[in-house]
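Participant: Once you've had a glance at the structure underneath, I'll fire off some questions.
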Protein chains: 2
Amino acid sequence: MKTKPKKPAAWRRSPCPVANTLDLVGDKWTLLIIRDMARGKRTYGELAASPEGIPTNILAERLRRLEEAGIVERAAYQERPTRYAYTLSAKGRDLEELLAAFRRWGRKHIPGVRSYAEAVRSRRPPPTT
Amino acid sequence: MKTKPKKPAAWRRSPCPVANTLDLVGDKWTLLIIRDMARGKRTYGELAASPEGIPTNILAERLRRLEEAGIVERAAYQERPTRYAYTLSAKGRDLEELLAAFRRWGRKHIPGVRSYAEAVRSRRPPPTT
């Protein structure tokens with residue numbers, strides 16, 4: 001069987017590095033999953049429980065796509081029933097720079113935003129003494 | 001008329017700066033429009049002509065949303081018929097850091113990507129002398 005010489009994949013939209021990165025993570029949910037994994041969430045249940053309320057069908061589809069793209073790694077941590085833990089690969093951890101750019105822009109330009117940790121602190125009443 | 005005391009807007013999904021920035025620019029087209037404006041494209045026609053082939057209804061809707069969000073500024077540059085030029089505000093120019101993070105990640109992790117300028121150069125035959 002003759003194999004074709006290796007050539008670049010047909011680009012979905014263009015060869016632009018920005019366009020191709022957007023094709024992988026340019027939607028309103030994917031980077032929130034990456035954010036949660038960067039914070040240490042590992043299981044489907046933990047990822048589904050975030051305050052944004054990701055629909056579970058979207059979570060499942062994104063995890064599958066991220067695994068295919070080599071951004072997320074999946075490993076069974078329990079048998080009968082099998083349960084999986086998801087972690088960021090090195091390629092996925094490199095997205096943290098991108099997340100940090102989103103975070104900086106949001107903090108600078110959207111009044112009142114705050115991280116989950118800050119939101120939890122602000123709901124706790126101040127000490128009375 | 002009584003006005004309510006000012007309080008933070010009800011968040012679309014959560015107060016997270018990443019989630020709220022995604023709500024503004026987290027889709028597969030918006031950052032390509034920002035990329036083109038950062039390169040100096042200013043008119044609707046120039047923005048519509050990019051290699052990714054943005055559908056014109058999406059371009060019009062995104063420009064309207066970006067103007068509402070204070071990311072893009074619109075000014076008439078011609079009368080009868082009125083034509084508008086679009087430029088990035090200071091808030092919009094701050095998105096260039098975010099674009100740069102997309103570009104770096106794409107160059108590092110997606111084999112073969114290249115910028116528009118590089119793509120044009122590679123189509124030009126080499127000098128024969």
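Note on naming: chains are A, B, ... as they come in the structure tokens, residues start from 1 per chain, ligands start from 1 in the order shown.
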What lies within 10 Å of Ser50 in chain A using only C-alpha atoms, ignoring chain neighbours under 6 positions off, as a ChimeraX atom specification?

Facilitator: /A:32-33,36,41,116 /B:14

Participant: Tell me which protein, DNA and RNA residues are within 8 Å of range 104-111 of chain A, counting only C-alpha atoms, leaving out same-chain ones fewer than 2 positions away, and put them as a CSV table (one decimal) with C-alpha atoms, in the first residue's frame.

Facilitator:
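Output file around_2.csv follows:
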```csv
chain,number,residue,atom,x,y,z
A,100,ALA,CA,-3.7,34.0,32.8
A,101,ALA,CA,-4.2,36.4,29.9
A,102,PHE,CA,-8.0,36.0,30.2
A,113,VAL,CA,-15.1,40.2,38.9
A,114,ARG,CA,-13.6,38.0,41.5
B,8,PRO,CA,-22.6,44.6,40.5
B,17,PRO,CA,-12.8,36.9,35.4
B,18,VAL,CA,-12.0,34.1,33.0
B,20,ASN,CA,-16.7,36.8,32.0
B,21,THR,CA,-13.9,37.5,29.5
B,91,LYS,CA,-9.6,48.2,26.2
B,94,ASP,CA,-5.3,45.3,25.8
B,95,LEU,CA,-6.7,42.1,24.1
B,98,LEU,CA,-4.5,37.5,24.9
```

Participant: Just want the 10 Å neighbourhood of Arg13 in chain B, counted on only C-alpha atoms, with same-chain residues fewer than 3 positions away dropped. Output as a PDB file with C-alpha atoms, in the first residue's frame.

Facilitator:
```pdb
ATOM      1  CA  PRO A  51     -20.394  27.446  39.644  1.00  0.00           C
ATOM      2  CA  GLU A  52     -20.925  28.076  35.919  1.00  0.00           C
ATOM      3  CA  GLY A  53     -23.066  24.930  35.712  1.00  0.00           C
ATOM      4  CA  ILE A  54     -21.631  23.354  32.574  1.00  0.00           C
TER       5      ILE A  54
ATOM      6  CA  ALA B  10     -26.022  39.883  37.791  1.00  0.00           C
ATOM      7  CA  CYS B  16     -14.895  34.590  37.584  1.00  0.00           C
ATOM      8  CA  ALA B  19     -15.694  33.196  32.572  1.00  0.00           C
ATOM      9  CA  ASN B  20     -16.680  36.821  32.017  1.00  0.00           C
ATOM     10  CA  ASP B  23     -18.549  35.648  27.606  1.00  0.00           C
TER      11      ASP B  23
END
```

Participant: To one decimal place in Å, what is the distance between CA of Tyr77 in chain A and CA of Leu59 in chain A?

Facilitator: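 Between CA of Tyr77 in chain A and CA of Leu59 in chain A the gap is 19.0 Å.
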
Participant: Under the rule that only C-alpha atoms are counted, which of B:Ala117, B:Leu88, B:Val72, B:Met37 is the nearest residue to chain A?

Facilitator: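 So, comparing all the options, the nearest one is B:Ala117.
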
Participant: With distances taken over only C-alpha atoms, which residue among A:Arg121, A:Arg83, A:Arg74, A:Lys28 lies nearest chain B?

Facilitator: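 Checking each candidate against chain B, we get A:Lys28 as the closest.
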
Participant: Using DSSP secondary structure from the backbone, list all alpha helix (DSSP H) positions within chain A, as a ChimeraX atom specification.

Facilitator: /A:17-25,30-38,44-48,56-68,90-93,96-109,116-123

Participant: Could you work out how far CA of Arg12 in chain B lies from CA of Thr43 in chain A, giving the answer in Å with one decimal?

Facilitator: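 Spanning CA of Thr43 in chain A to CA of Arg12 in chain B is a straight-line distance of 25.0 Å.
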
Participant: Between CA of Arg65 in chain B and CA of Ile34 in chain A, what is the distance, to one decimal in Å?

Facilitator: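 Separation between CA of Arg65 in chain B and CA of Ile34 in chain A: 26.1 Å.
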
Participant: Step one, run DSSP on the backbone; step two, keep only residues of chain A assigned to strand (DSSP E or B); then write them as a PyMOL selection string.

Facilitator: chain A and resi 43+72-78+83-88

Participant: Between B:Ala38, B:Leu31, B:Glu79, B:Tyr44, single out the one closest to Asn57 in chain B, counting only C-alpha atoms.

Facilitator: B:Tyr44

Participant: Ranking B:Ala60, B:Ala85, B:Ala48, B:Ala69 by minimum distance to chain A and counting only C-alpha atoms, which one comes first?

Facilitator: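 Among the listed residues, B:Ala69 lies closest to chain A.
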
Participant: May I have the residues within 10 Å of Thr30 in chain A as a list of chain:residue names, using only C-alpha atoms and disregarding those fewer than 6 positions away in the same chain?

Facilitator: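 Neighbouring residues, sequence-local ones excluded: A:Leu24, A:Ile54, A:Ile58, A:Leu59, A:Arg62, A:Leu63, A:Arg65, A:Leu66, B:Leu22, B:Gly26.
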
Participant: Go through A:Ile71, A:Arg93, A:Trp11, A:Asp27 and flag the residue nearest chain B, using only C-alpha atoms for the distances.

Facilitator: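 Selected residue with least distance to chain B: A:Asp27.
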